[in-house]
>>> print(open('structure-v1.cif').read())   # mmCIF, C-alpha atoms and all ligand atoms
data_final
loop_
_atom_site.group_PDB
_atom_site.id
_atom_site.type_symbol
_atom_site.label_atom_id
_atom_site.label_comp_id
_atom_site.auth_asym_id
_atom_site.auth_seq_id
_atom_site.Cartn_x
_atom_site.Cartn_y
_atom_site.Cartn_z
ATOM 1 C CA MET Z 207 7.170 -15.109 -32.924
ATOM 2 C CA GLN Z 208 8.090 -12.816 -35.829
ATOM 3 C CA GLU Z 209 4.475 -12.104 -36.693
ATOM 4 C CA LYS Z 210 3.689 -11.287 -33.041
ATOM 5 C CA ILE Z 211 6.573 -8.839 -32.907
ATOM 6 C CA LEU Z 212 5.371 -7.243 -36.144
ATOM 7 C CA GLU Z 213 1.813 -7.062 -34.800
ATOM 8 C CA ALA Z 214 3.031 -5.409 -31.590
ATOM 9 C CA LYS Z 215 5.272 -3.038 -33.568
ATOM 10 C CA ASN Z 216 2.323 -1.853 -35.684
ATOM 11 C CA ILE Z 217 0.073 -1.386 -32.646
ATOM 12 C CA ILE Z 218 2.780 0.623 -30.844
ATOM 13 C CA GLU Z 219 3.711 2.719 -33.888
ATOM 14 C CA GLU Z 220 0.077 3.605 -34.609
ATOM 15 C CA SER Z 221 -0.657 4.731 -31.041
ATOM 16 C CA PRO Z 222 0.206 8.283 -29.893
ATOM 17 C CA SER Z 223 -0.381 7.408 -26.218
ATOM 18 C CA LEU Z 224 1.149 4.527 -24.275
ATOM 19 C CA ALA Z 225 1.043 3.308 -20.666
ATOM 20 C CA VAL Z 226 3.771 0.827 -19.740
ATOM 21 C CA LEU Z 227 3.891 -1.373 -16.609
ATOM 22 C CA THR Z 228 7.208 -2.990 -15.726
ATOM 23 C CA GLY Z 229 8.301 -5.544 -13.137
ATOM 24 C CA ALA Z 230 11.541 -7.150 -12.013
ATOM 25 C CA GLY Z 231 11.954 -8.986 -15.334
ATOM 26 C CA ILE Z 232 12.995 -5.833 -17.181
ATOM 27 C CA SER Z 233 15.973 -5.468 -14.808
ATOM 28 C CA ALA Z 234 16.992 -9.149 -14.979
ATOM 29 C CA GLU Z 235 19.314 -8.482 -17.963
ATOM 30 C CA SER Z 236 21.006 -5.822 -15.821
ATOM 31 C CA GLY Z 237 21.969 -8.564 -13.361
ATOM 32 C CA ILE Z 238 19.314 -7.831 -10.735
ATOM 33 C CA PRO Z 239 17.617 -11.028 -9.492
ATOM 34 C CA THR Z 240 13.832 -11.197 -9.903
ATOM 35 C CA PHE Z 241 11.573 -12.241 -7.040
ATOM 36 C CA ARG Z 242 9.942 -15.439 -8.169
ATOM 37 C CA GLY Z 243 12.284 -16.735 -10.838
ATOM 38 C CA SER Z 244 14.495 -19.822 -10.285
ATOM 39 C CA ASP Z 245 17.336 -17.603 -9.003
ATOM 40 C CA GLY Z 246 14.758 -15.325 -7.368
ATOM 41 C CA LEU Z 247 15.126 -13.192 -4.285
ATOM 42 C CA TRP Z 248 12.383 -15.103 -2.507
ATOM 43 C CA LYS Z 249 14.352 -18.373 -2.811
ATOM 44 C CA ASN Z 250 15.431 -18.573 0.848
ATOM 45 C CA TYR Z 251 12.888 -16.357 2.543
ATOM 46 C CA SER Z 252 9.207 -15.813 1.802
ATOM 47 C CA PRO Z 253 8.160 -12.290 0.891
ATOM 48 C CA GLN Z 254 6.278 -11.986 4.164
ATOM 49 C CA GLN Z 255 9.531 -12.656 6.062
ATOM 50 C CA LEU Z 256 11.322 -9.783 4.375
ATOM 51 C CA ALA Z 257 8.966 -7.292 2.782
ATOM 52 C CA SER Z 258 6.277 -6.610 5.396
ATOM 53 C CA PRO Z 259 5.869 -4.310 8.421
ATOM 54 C CA ASN Z 260 5.693 -7.324 10.760
ATOM 55 C CA ALA Z 261 8.924 -8.735 9.384
ATOM 56 C CA PHE Z 262 10.613 -5.393 9.986
ATOM 57 C CA LYS Z 263 9.198 -5.074 13.489
ATOM 58 C CA LYS Z 264 10.353 -8.603 14.311
ATOM 59 C CA ASP Z 265 13.838 -8.349 12.854
ATOM 60 C CA PRO Z 266 14.775 -4.955 11.378
ATOM 61 C CA LYS Z 267 18.409 -6.071 11.019
ATOM 62 C CA LEU Z 268 17.471 -9.105 8.844
ATOM 63 C CA VAL Z 269 15.270 -6.972 6.597
ATOM 64 C CA TRP Z 270 17.984 -4.358 6.345
ATOM 65 C CA GLU Z 271 20.617 -7.024 5.509
ATOM 66 C CA TRP Z 272 18.384 -8.084 2.593
ATOM 67 C CA TYR Z 273 17.920 -4.521 1.355
ATOM 68 C CA ASP Z 274 21.590 -3.623 1.877
ATOM 69 C CA TRP Z 275 22.541 -6.683 -0.184
ATOM 70 C CA ARG Z 276 20.102 -5.632 -2.932
ATOM 71 C CA ARG Z 277 21.400 -2.037 -2.845
ATOM 72 C CA GLN Z 278 24.922 -3.343 -3.436
ATOM 73 C CA ILE Z 279 23.754 -5.340 -6.499
ATOM 74 C CA ILE Z 280 21.642 -2.474 -7.841
ATOM 75 C CA ASP Z 281 24.469 0.038 -7.303
ATOM 76 C CA LYS Z 282 26.620 -1.929 -9.787
ATOM 77 C CA ALA Z 283 23.789 -2.448 -12.291
ATOM 78 C CA THR Z 284 23.311 -0.353 -15.411
ATOM 79 C CA PRO Z 285 20.236 0.031 -17.610
ATOM 80 C CA ASN Z 286 19.964 -2.638 -20.318
ATOM 81 C CA PRO Z 287 18.622 -2.169 -23.897
ATOM 82 C CA GLY Z 288 15.105 -2.760 -22.583
ATOM 83 C CA HIS Z 289 15.277 0.253 -20.253
ATOM 84 C CA THR Z 290 16.863 2.491 -22.886
ATOM 85 C CA ALA Z 291 14.357 1.425 -25.541
ATOM 86 C CA LEU Z 292 11.479 2.570 -23.314
ATOM 87 C CA ALA Z 293 13.152 5.967 -22.888
ATOM 88 C CA ARG Z 294 13.467 6.269 -26.694
ATOM 89 C CA ILE Z 295 9.873 5.199 -27.316
ATOM 90 C CA GLU Z 296 8.735 7.782 -24.731
ATOM 91 C CA ALA Z 297 10.510 10.513 -26.727
ATOM 92 C CA GLU Z 298 8.541 9.500 -29.840
ATOM 93 C CA LYS Z 299 5.100 9.585 -28.200
ATOM 94 C CA GLU Z 300 2.694 12.447 -27.404
ATOM 95 C CA LYS Z 301 1.676 10.721 -24.182
ATOM 96 C CA PHE Z 302 3.755 8.117 -22.339
ATOM 97 C CA THR Z 303 3.567 6.956 -18.716
ATOM 98 C CA LEU Z 304 5.960 4.403 -17.251
ATOM 99 C CA ILE Z 305 4.453 2.639 -14.240
ATOM 100 C CA THR Z 306 7.058 0.497 -12.514
ATOM 101 C CA GLN Z 307 6.876 -1.968 -9.634
ATOM 102 C CA ASN Z 308 10.674 -1.858 -9.515
ATOM 103 C CA ILE Z 309 12.540 0.068 -6.853
ATOM 104 C CA ASP Z 310 15.974 -0.019 -8.553
ATOM 105 C CA GLY Z 311 15.899 3.366 -10.296
ATOM 106 C CA LEU Z 312 17.193 1.937 -13.609
ATOM 107 C CA HIS Z 313 14.377 3.539 -15.622
ATOM 108 C CA GLN Z 314 15.479 6.955 -14.323
ATOM 109 C CA LYS Z 315 19.120 6.136 -15.175
ATOM 110 C CA ALA Z 316 18.042 5.134 -18.708
ATOM 111 C CA GLY Z 317 16.453 8.553 -19.236
ATOM 112 C CA SER Z 318 12.745 7.764 -18.835
ATOM 113 C CA GLN Z 319 10.898 10.879 -17.690
ATOM 114 C CA ASN Z 320 7.265 10.274 -16.771
ATOM 115 C CA ILE Z 321 7.676 7.508 -14.170
ATOM 116 C CA ILE Z 322 5.294 6.296 -11.440
ATOM 117 C CA GLN Z 323 7.144 4.161 -8.846
ATOM 118 C CA LEU Z 324 4.287 2.030 -7.472
ATOM 119 C CA HIS Z 325 6.404 0.337 -4.800
ATOM 120 C CA GLY Z 326 8.734 3.206 -3.901
ATOM 121 C CA SER Z 327 12.517 3.370 -4.209
ATOM 122 C CA ILE Z 328 15.345 1.386 -2.612
ATOM 123 C CA TRP Z 329 17.321 4.661 -2.434
ATOM 124 C CA GLU Z 330 14.727 6.344 -0.191
ATOM 125 C CA ILE Z 331 14.860 5.664 3.549
ATOM 126 C CA LYS Z 332 12.422 6.959 6.151
ATOM 127 C CA CYS Z 333 12.248 7.224 9.927
ATOM 128 C CA THR Z 334 9.773 4.914 11.670
ATOM 129 C CA GLU Z 335 9.389 7.479 14.480
ATOM 130 C CA CYS Z 336 9.337 11.022 13.075
ATOM 131 C CA GLY Z 337 8.759 10.262 9.384
ATOM 132 C CA THR Z 338 11.911 12.045 8.189
ATOM 133 C CA THR Z 339 12.694 10.752 4.716
ATOM 134 C CA GLU Z 340 15.965 11.039 2.861
ATOM 135 C CA THR Z 341 17.650 9.815 -0.272
ATOM 136 C CA ASN Z 342 20.605 7.641 0.685
ATOM 137 C CA TYR Z 343 23.024 6.081 -1.819
ATOM 138 C CA GLU Z 344 25.523 4.724 0.726
ATOM 139 C CA VAL Z 345 26.672 1.229 -0.271
ATOM 140 C CA PRO Z 346 27.042 -0.603 2.044
ATOM 141 C CA ILE Z 347 24.802 1.528 4.231
ATOM 142 C CA GLY Z 348 26.930 1.070 7.376
ATOM 143 C CA ALA Z 349 25.517 0.121 10.771
ATOM 144 C CA LEU Z 350 22.207 -1.756 10.404
ATOM 145 C CA PRO Z 351 19.518 -0.682 10.999
ATOM 146 C CA PRO Z 352 20.406 2.970 10.194
ATOM 147 C CA VAL Z 353 19.139 5.546 12.684
ATOM 148 C CA CYS Z 354 17.467 8.888 12.096
ATOM 149 C CA ASN Z 355 19.710 11.972 12.262
ATOM 150 C CA ASN Z 356 16.741 13.896 13.579
ATOM 151 C CA CYS Z 357 15.370 11.737 16.410
ATOM 152 C CA SER Z 358 17.576 8.581 16.513
ATOM 153 C CA GLY Z 359 14.567 6.468 15.538
ATOM 154 C CA ILE Z 360 15.111 3.400 13.316
ATOM 155 C CA MET Z 361 15.092 4.167 9.574
ATOM 156 C CA ARG Z 362 13.300 1.781 7.175
ATOM 157 C CA PRO Z 363 13.561 1.305 3.401
ATOM 158 C CA GLY Z 364 11.268 3.707 1.527
ATOM 159 C CA THR Z 365 9.466 0.889 -0.277
ATOM 160 C CA VAL Z 366 5.863 -0.338 -0.126
ATOM 161 C CA TRP Z 367 5.636 -3.669 1.693
ATOM 162 C CA PHE Z 368 2.986 -6.375 1.610
ATOM 163 C CA GLY Z 369 -0.044 -5.265 3.567
ATOM 164 C CA GLU Z 370 0.880 -1.595 3.108
ATOM 165 C CA ILE Z 371 -1.338 0.791 1.237
ATOM 166 C CA ILE Z 372 -0.051 2.387 -1.952
ATOM 167 C CA PRO Z 373 -0.967 6.107 -1.609
ATOM 168 C CA MET Z 374 -4.299 6.831 -3.378
ATOM 169 C CA SER Z 375 -2.665 9.754 -5.223
ATOM 170 C CA ILE Z 376 -0.308 7.261 -6.884
ATOM 171 C CA ILE Z 377 -3.111 4.801 -7.656
ATOM 172 C CA ASP Z 378 -5.287 7.602 -9.121
ATOM 173 C CA LYS Z 379 -2.416 8.881 -11.287
ATOM 174 C CA THR Z 380 -1.759 5.328 -12.480
ATOM 175 C CA ILE Z 381 -5.377 4.622 -13.385
ATOM 176 C CA LEU Z 382 -5.686 7.989 -15.173
ATOM 177 C CA SER Z 383 -2.559 7.286 -17.244
ATOM 178 C CA ILE Z 384 -3.984 3.916 -18.317
ATOM 179 C CA GLU Z 385 -7.373 5.479 -19.135
ATOM 180 C CA GLU Z 386 -5.672 8.192 -21.213
ATOM 181 C CA SER Z 387 -3.617 5.689 -23.186
ATOM 182 C CA GLU Z 388 -4.657 3.739 -26.260
ATOM 183 C CA VAL Z 389 -2.187 0.912 -25.686
ATOM 184 C CA MET Z 390 -0.704 -0.671 -22.558
ATOM 185 C CA ILE Z 391 2.527 -2.681 -22.627
ATOM 186 C CA ILE Z 392 3.209 -5.002 -19.659
ATOM 187 C CA ILE Z 393 6.812 -6.081 -19.326
ATOM 188 C CA GLY Z 394 8.663 -8.511 -17.036
ATOM 189 C CA THR Z 395 6.127 -9.068 -14.281
ATOM 190 C CA SER Z 396 4.657 -12.339 -13.043
ATOM 191 C CA GLY Z 397 1.356 -10.550 -12.515
ATOM 192 C CA VAL Z 398 0.695 -11.835 -8.988
ATOM 193 C CA VAL Z 399 1.140 -8.747 -6.805
ATOM 194 C CA GLU Z 400 -1.868 -6.492 -6.448
ATOM 195 C CA PRO Z 401 -2.913 -3.859 -7.321
ATOM 196 C CA ALA Z 402 -0.392 -3.887 -10.250
ATOM 197 C CA ALA Z 403 -1.532 -7.361 -11.311
ATOM 198 C CA SER Z 404 -5.032 -6.129 -12.154
ATOM 199 C CA MET Z 405 -3.963 -3.201 -14.308
ATOM 200 C CA GLY Z 406 -3.692 -5.157 -17.541
ATOM 201 C CA LEU Z 407 -7.200 -6.510 -17.108
ATOM 202 C CA MET Z 408 -8.466 -3.023 -16.282
ATOM 203 C CA ALA Z 409 -6.910 -1.735 -19.506
ATOM 204 C CA LYS Z 410 -8.548 -4.542 -21.504
ATOM 205 C CA GLN Z 411 -11.932 -3.874 -19.884
ATOM 206 C CA SER Z 412 -11.708 -0.214 -20.896
ATOM 207 C CA GLY Z 413 -11.043 -1.099 -24.514
ATOM 208 C CA LYS Z 414 -7.273 -0.646 -24.664
ATOM 209 C CA LYS Z 415 -4.968 -2.893 -26.651
ATOM 210 C CA VAL Z 416 -2.598 -4.739 -24.306
ATOM 211 C CA ILE Z 417 0.777 -6.172 -25.280
ATOM 212 C CA GLU Z 418 2.713 -8.375 -22.827
ATOM 213 C CA ILE Z 419 6.418 -9.181 -23.065
ATOM 214 C CA ASN Z 420 7.514 -11.811 -20.550
ATOM 215 C CA LEU Z 421 9.791 -14.841 -20.355
ATOM 216 C CA GLU Z 422 6.907 -17.007 -19.203
ATOM 217 C CA GLN Z 423 3.100 -17.048 -19.477
ATOM 218 C CA THR Z 424 1.316 -15.134 -16.694
ATOM 219 C CA PRO Z 425 -2.255 -15.499 -15.347
ATOM 220 C CA ASN Z 426 -3.627 -12.945 -17.836
ATOM 221 C CA SER Z 427 -1.451 -13.608 -20.901
ATOM 222 C CA SER Z 428 -4.300 -15.253 -22.794
ATOM 223 C CA LEU Z 429 -6.521 -12.181 -22.292
ATOM 224 C CA TYR Z 430 -4.087 -9.757 -23.894
ATOM 225 C CA ASP Z 431 -3.941 -8.808 -27.595
ATOM 226 C CA VAL Z 432 -0.324 -9.864 -28.076
ATOM 227 C CA PHE Z 433 1.835 -12.015 -25.768
ATOM 228 C CA ILE Z 434 5.524 -12.146 -26.731
ATOM 229 C CA GLN Z 435 7.442 -14.815 -24.819
ATOM 230 C CA ALA Z 436 10.924 -13.320 -25.001
ATOM 231 C CA LYS Z 437 13.517 -11.252 -23.171
ATOM 232 C CA SER Z 438 12.535 -7.592 -22.891
ATOM 233 C CA GLY Z 439 16.115 -6.439 -23.531
ATOM 234 C CA GLU Z 440 16.063 -8.184 -26.913
ATOM 235 C CA THR Z 441 12.488 -7.284 -27.872
ATOM 236 C CA LEU Z 442 11.918 -3.647 -26.884
ATOM 237 C CA PRO Z 443 14.707 -2.232 -29.125
ATOM 238 C CA LEU Z 444 12.662 -3.517 -32.090
ATOM 239 C CA PHE Z 445 9.885 -1.044 -31.284
ATOM 240 C CA TYR Z 446 11.493 2.352 -31.656
ATOM 241 C CA LYS Z 447 12.231 4.103 -34.928
ATOM 242 C CA ILE Z 448 15.900 3.588 -35.700
ATOM 243 C CA ASP Z 449 16.643 7.255 -36.368
ATOM 244 C CA GLU Z 450 19.860 6.444 -38.282
ATOM 245 C CA ILE Z 451 17.561 5.543 -41.202
ATOM 246 C CA TYR Z 452 15.459 8.699 -40.696
ATOM 247 C CA ASN Z 453 18.399 11.131 -40.529
HETATM 248 C C1 LIG O 1 -1.896 -2.833 -1.278
HETATM 249 C C2 LIG O 1 8.557 -4.557 -1.680
HETATM 250 C C3 LIG O 1 -3.911 -2.238 -0.135
HETATM 251 C C4 LIG O 1 9.401 -3.643 -2.439
HETATM 252 C C5 LIG O 1 6.799 -5.746 -2.820
HETATM 253 C C6 LIG O 1 -5.887 -7.283 -3.686
HETATM 254 C C7 LIG O 1 -5.822 -5.886 -3.726
HETATM 255 C C8 LIG O 1 -4.844 -5.213 -3.004
HETATM 256 C C9 LIG O 1 -3.900 -5.921 -2.243
HETATM 257 C C10 LIG O 1 -3.959 -7.289 -2.225
HETATM 258 C C11 LIG O 1 -4.939 -7.968 -2.932
HETATM 259 N N1 LIG O 1 -4.738 -9.290 -2.732
HETATM 260 C C12 LIG O 1 -3.662 -9.473 -1.932
HETATM 261 C C13 LIG O 1 -3.189 -8.279 -1.572
HETATM 262 C C14 LIG O 1 -2.037 -8.060 -0.709
HETATM 263 C C15 LIG O 1 -0.724 -7.910 -1.492
HETATM 264 C C16 LIG O 1 -0.582 -8.908 -2.601
HETATM 265 O O1 LIG O 1 -0.716 -8.562 -3.770
HETATM 266 N N2 LIG O 1 -0.248 -10.141 -2.284
HETATM 267 C C17 LIG O 1 -0.033 -11.118 -3.347
HETATM 268 C C18 LIG O 1 1.295 -11.808 -3.163
HETATM 269 C C19 LIG O 1 -1.216 -12.053 -3.366
HETATM 270 N N3 LIG O 1 -0.604 -6.567 -2.017
HETATM 271 C C20 LIG O 1 -0.215 -5.586 -1.196
HETATM 272 O O2 LIG O 1 -0.053 -5.748 0.009
HETATM 273 C C21 LIG O 1 0.029 -4.213 -1.814
HETATM 274 N N4 LIG O 1 -0.656 -3.237 -0.995
HETATM 275 O O3 LIG O 1 -2.422 -3.105 -2.312
HETATM 276 O O4 LIG O 1 -2.512 -2.126 -0.240
HETATM 277 C C22 LIG O 1 -4.254 -3.551 0.572
HETATM 278 C C23 LIG O 1 -3.364 -4.132 1.475
HETATM 279 C C24 LIG O 1 -3.728 -5.336 2.113
HETATM 280 C C25 LIG O 1 -4.938 -5.967 1.804
HETATM 281 C C26 LIG O 1 -5.794 -5.380 0.846
HETATM 282 C C27 LIG O 1 -5.455 -4.184 0.252
HETATM 283 C C28 LIG O 1 1.497 -3.852 -1.793
HETATM 284 C C29 LIG O 1 2.239 -4.629 -2.822
HETATM 285 C C30 LIG O 1 3.725 -4.221 -2.798
HETATM 286 C C31 LIG O 1 4.504 -5.315 -2.192
HETATM 287 N N5 LIG O 1 5.926 -5.014 -2.215
HETATM 288 N N6 LIG O 1 8.098 -5.615 -2.581
HETATM 289 C C32 LIG O 1 10.647 -4.398 -2.788
HETATM 290 O O5 LIG O 1 11.359 -4.808 -1.882
HETATM 291 O O6 LIG O 1 10.880 -4.574 -3.993
HETATM 292 S S1 LIG O 1 6.280 -6.942 -3.899
HETATM 293 C C33 LIG O 1 7.485 -7.461 -4.955
HETATM 294 O O7 LIG O 1 6.770 -8.131 -6.003
HETATM 295 C C34 LIG O 1 8.274 -6.370 -5.679
HETATM 296 O O8 LIG O 1 7.935 -5.063 -5.292
HETATM 297 C C35 LIG O 1 7.937 -6.578 -7.135
HETATM 298 O O9 LIG O 1 7.898 -5.373 -7.784
HETATM 299 C C36 LIG O 1 6.614 -7.203 -7.034
HETATM 300 C C37 LIG O 1 6.112 -7.909 -8.256
HETATM 301 O O10 LIG O 1 7.072 -8.879 -8.658
HETATM 302 P P1 LIG O 1 7.503 -8.847 -10.209
HETATM 303 O O11 LIG O 1 8.057 -7.513 -10.501
HETATM 304 O O12 LIG O 1 6.379 -9.329 -11.034
HETATM 305 O O13 LIG O 1 8.715 -9.870 -10.219
HETATM 306 P P2 LIG O 1 8.619 -11.457 -10.348
HETATM 307 O O14 LIG O 1 9.954 -12.003 -9.975
HETATM 308 O O15 LIG O 1 7.404 -11.951 -9.630
HETATM 309 O O16 LIG O 1 8.368 -11.710 -11.903
HETATM 310 C C38 LIG O 1 9.350 -11.351 -12.852
HETATM 311 C C39 LIG O 1 8.829 -11.831 -14.205
HETATM 312 O O17 LIG O 1 9.769 -11.416 -15.202
HETATM 313 C C40 LIG O 1 8.724 -13.336 -14.318
HETATM 314 O O18 LIG O 1 7.455 -13.670 -14.858
HETATM 315 C C41 LIG O 1 9.850 -13.735 -15.288
HETATM 316 O O19 LIG O 1 9.479 -14.797 -16.123
HETATM 317 C C42 LIG O 1 10.000 -12.487 -16.099
HETATM 318 N N7 LIG O 1 11.350 -12.271 -16.650
HETATM 319 C C43 LIG O 1 12.535 -12.632 -16.105
HETATM 320 N N8 LIG O 1 13.539 -12.195 -16.923
HETATM 321 C C44 LIG O 1 12.954 -11.549 -17.963
HETATM 322 C C45 LIG O 1 11.559 -11.597 -17.797
HETATM 323 N N9 LIG O 1 10.702 -11.046 -18.683
HETATM 324 C C46 LIG O 1 11.230 -10.428 -19.758
HETATM 325 N N10 LIG O 1 12.566 -10.358 -19.993
HETATM 326 C C47 LIG O 1 13.457 -10.895 -19.119
HETATM 327 N N11 LIG O 1 14.773 -10.810 -19.374
HETATM 328 ZN ZN ZN O 2 13.271 10.387 13.169
#
>>> encode(input="structure-v1.cif", output="structure tokens")
Amino acid sequence: MQEKILEAKNIIEESPSLAVLTGAGISAESGIPTFRGSDGLWKNYSPQQLASPNAFKKDPKLVWEWYDWRRQIIDKATPNPGHTALARIEAEKEKFTLITQNIDGLHQKAGSQNIIQLHGSIWEIKCTECGTTETNYEVPIGALPPVCNNCSGIMRPGTVWFGEIIPMSIIDKTILSIEESEVMIIIGTSGVVEPAASMGLMAKQSGKKVIEINLEQTPNSSLYDVFIQAKSGETLPLFYKIDEIYN
């Protein structure tokens, strides 16, 4: 393990431009359940029963109960050393893009700047009738489902569900940031949800070095340059320059 960490550290230190993709695993050490882990969010319901337009149409109250419950957990959560390490590494790099599948906002809280939220934000809600969107931090959110102040239509979580298109502008920005990077680091994602799951492979195919930090092997781990099977909160702090020594 030590030599892999050293290898990753050298690759990261030598590269002026990084693209990072994160998933639920990076927030696990902040107490937020992942989706597919043993204590995962999908334990009692399948994703399609909770995170899809049909699920919402069928039972908006059930979907909102799930999101309201997650908002209450996320509201209490704080960034862990993995989140803060990424913000520090960003400050050391000429070019740094943080692409996250997470909707919890912990990267923003940790001070990361250049963030692409592939799947939206749990703190955004939008009207299913008139499209009004607003940022809403109420926890609990009150009567479920919340209604639009503008037209009394039902509000939905501002996240991207299964079967929903991620706006092309976001996909284009994501692909450009990977193309403009020398190294891609993939952290805390099981690598099953598309289109995020293909990004590591895309980076490899365009000649980038790819480092993966995950608690378990994923479908593409063997294709990457370095796979570190460890907690991101314990590993990422090893990759920024400890400025106490440099001061
Ligand atoms: C789309 C809602 C166009 C938000 C979520 C091919 C191309 C395009 C689409 C598809 C395709 N094939 C299939 C599709 C459809 C679908 C899809 O991918 N299905 C899969 C399941 C097969 N994709 C879509 O519908 C996407 N839309 O591309 O539009 C289109 C549409 C239809 C058909 C064709 C094209 C939209 C995807 C967004 C779905 N929304 N959730 C929310 O409520 O959060 S998905 C959900 O999974 C979350 O958003 C989450 O971000 C995402 C990925 O999960 P992970 O983050 O990876 O979390 P997971 O628990 O799985 O893994 C955590 C990992 O961390 C584990 O490996 C664990 O070991 C590790 N870990 C744990 N602790 C730690 C750790 N690692 C390090 N340290 C630790 N401490
Ligand atoms: Zn409305």
>>> closest_atom_pairs(input="structure-v1.cif", of="chain Z", to="ligand LIG 1 (chain O)", cutoff="7 Å", atoms="all atoms listed in the file", output="JSON lines")
{"residue": "Z:Thr228", "atom": "CA", "partner": "O:LIG1", "partner_atom": "O11", "distance": 7.0}
{"residue": "Z:Gly229", "atom": "CA", "partner": "O:LIG1", "partner_atom": "O11", "distance": 3.3}
{"residue": "Z:Ala230", "atom": "CA", "partner": "O:LIG1", "partner_atom": "O11", "distance": 3.8}
{"residue": "Z:Gly231", "atom": "CA", "partner": "O:LIG1", "partner_atom": "O17", "distance": 3.3}
{"residue": "Z:Ile232", "atom": "CA", "partner": "O:LIG1", "partner_atom": "N10", "distance": 5.3}
{"residue": "Z:Ala234", "atom": "CA", "partner": "O:LIG1", "partner_atom": "N8", "distance": 5.0}
{"residue": "Z:Glu235", "atom": "CA", "partner": "O:LIG1", "partner_atom": "N11", "distance": 5.3}
{"residue": "Z:Thr240", "atom": "CA", "partner": "O:LIG1", "partner_atom": "O14", "distance": 4.0}
{"residue": "Z:Phe241", "atom": "CA", "partner": "O:LIG1", "partner_atom": "O14", "distance": 3.4}
{"residue": "Z:Arg242", "atom": "CA", "partner": "O:LIG1", "partner_atom": "O14", "distance": 3.9}
{"residue": "Z:Gly243", "atom": "CA", "partner": "O:LIG1", "partner_atom": "O14", "distance": 5.3}
{"residue": "Z:Gly246", "atom": "CA", "partner": "O:LIG1", "partner_atom": "O14", "distance": 6.4}
{"residue": "Z:Ala257", "atom": "CA", "partner": "O:LIG1", "partner_atom": "C2", "distance": 5.2}
{"residue": "Z:Gln307", "atom": "CA", "partner": "O:LIG1", "partner_atom": "O9", "distance": 4.0}
{"residue": "Z:Asn308", "atom": "CA", "partner": "O:LIG1", "partner_atom": "O9", "distance": 4.8}
{"residue": "Z:Ile309", "atom": "CA", "partner": "O:LIG1", "partner_atom": "O6", "distance": 5.7}
{"residue": "Z:His325", "atom": "CA", "partner": "O:LIG1", "partner_atom": "C4", "distance": 5.5}
{"residue": "Z:Thr365", "atom": "CA", "partner": "O:LIG1", "partner_atom": "C4", "distance": 5.0}
{"residue": "Z:Val366", "atom": "CA", "partner": "O:LIG1", "partner_atom": "N5", "distance": 5.1}
{"residue": "Z:Trp367", "atom": "CA", "partner": "O:LIG1", "partner_atom": "N5", "distance": 4.1}
{"residue": "Z:Phe368", "atom": "CA", "partner": "O:LIG1", "partner_atom": "O2", "distance": 3.5}
{"residue": "Z:Gly369", "atom": "CA", "partner": "O:LIG1", "partner_atom": "O2", "distance": 3.6}
{"residue": "Z:Glu370", "atom": "CA", "partner": "O:LIG1", "partner_atom": "N4", "distance": 4.7}
{"residue": "Z:Ile371", "atom": "CA", "partner": "O:LIG1", "partner_atom": "O4", "distance": 3.5}
{"residue": "Z:Ile372", "atom": "CA", "partner": "O:LIG1", "partner_atom": "O4", "distance": 5.4}
{"residue": "Z:Ile393", "atom": "CA", "partner": "O:LIG1", "partner_atom": "C46", "distance": 6.2}
{"residue": "Z:Gly394", "atom": "CA", "partner": "O:LIG1", "partner_atom": "O17", "distance": 3.6}
{"residue": "Z:Thr395", "atom": "CA", "partner": "O:LIG1", "partner_atom": "O12", "distance": 3.3}
{"residue": "Z:Ser396", "atom": "CA", "partner": "O:LIG1", "partner_atom": "O18", "distance": 3.6}
{"residue": "Z:Gly397", "atom": "CA", "partner": "O:LIG1", "partner_atom": "O12", "distance": 5.4}
{"residue": "Z:Val398", "atom": "CA", "partner": "O:LIG1", "partner_atom": "C17", "distance": 5.7}
{"residue": "Z:Val399", "atom": "CA", "partner": "O:LIG1", "partner_atom": "O1", "distance": 3.6}
{"residue": "Z:Glu400", "atom": "CA", "partner": "O:LIG1", "partner_atom": "O1", "distance": 3.6}
{"residue": "Z:Pro401", "atom": "CA", "partner": "O:LIG1", "partner_atom": "C8", "distance": 4.9}
{"residue": "Z:Ile419", "atom": "CA", "partner": "O:LIG1", "partner_atom": "C46", "distance": 6.0}
{"residue": "Z:Asn420", "atom": "CA", "partner": "O:LIG1", "partner_atom": "N9", "distance": 3.8}
{"residue": "Z:Leu421", "atom": "CA", "partner": "O:LIG1", "partner_atom": "O19", "distance": 4.2}
{"residue": "Z:Glu422", "atom": "CA", "partner": "O:LIG1", "partner_atom": "O19", "distance": 4.6}
{"residue": "Z:Thr424", "atom": "CA", "partner": "O:LIG1", "partner_atom": "O18", "distance": 6.6}
{"residue": "Z:Ala436", "atom": "CA", "partner": "O:LIG1", "partner_atom": "C46", "distance": 6.0}
{"residue": "Z:Lys437", "atom": "CA", "partner": "O:LIG1", "partner_atom": "N10", "distance": 3.4}
{"residue": "Z:Ser438", "atom": "CA", "partner": "O:LIG1", "partner_atom": "N10", "distance": 4.0}
{"residue": "Z:Gly439", "atom": "CA", "partner": "O:LIG1", "partner_atom": "N11", "distance": 6.2}
>>> residues_near_ligand(input="structure-v1.cif", ligand="ligand ZN 2 (chain O)", cutoff="10 Å", atoms="all atoms listed in the file", output="ChimeraX atom specification")
/Z:332-339,353-361
>>> residues_around(input="structure-v1.cif", residues="Gly413 (chain Z)", least_positions_apart="3", cutoff="12 Å", atoms="all atoms listed in the file", output="number ranges by chain")
Z: 384-390, 406-410, 416, 430-431
>>> atom_distance(input="structure-v1.cif", atom1="CA of Lys264 (chain Z)", atom2="CA of Glu344 (chain Z)")
24.3 Å
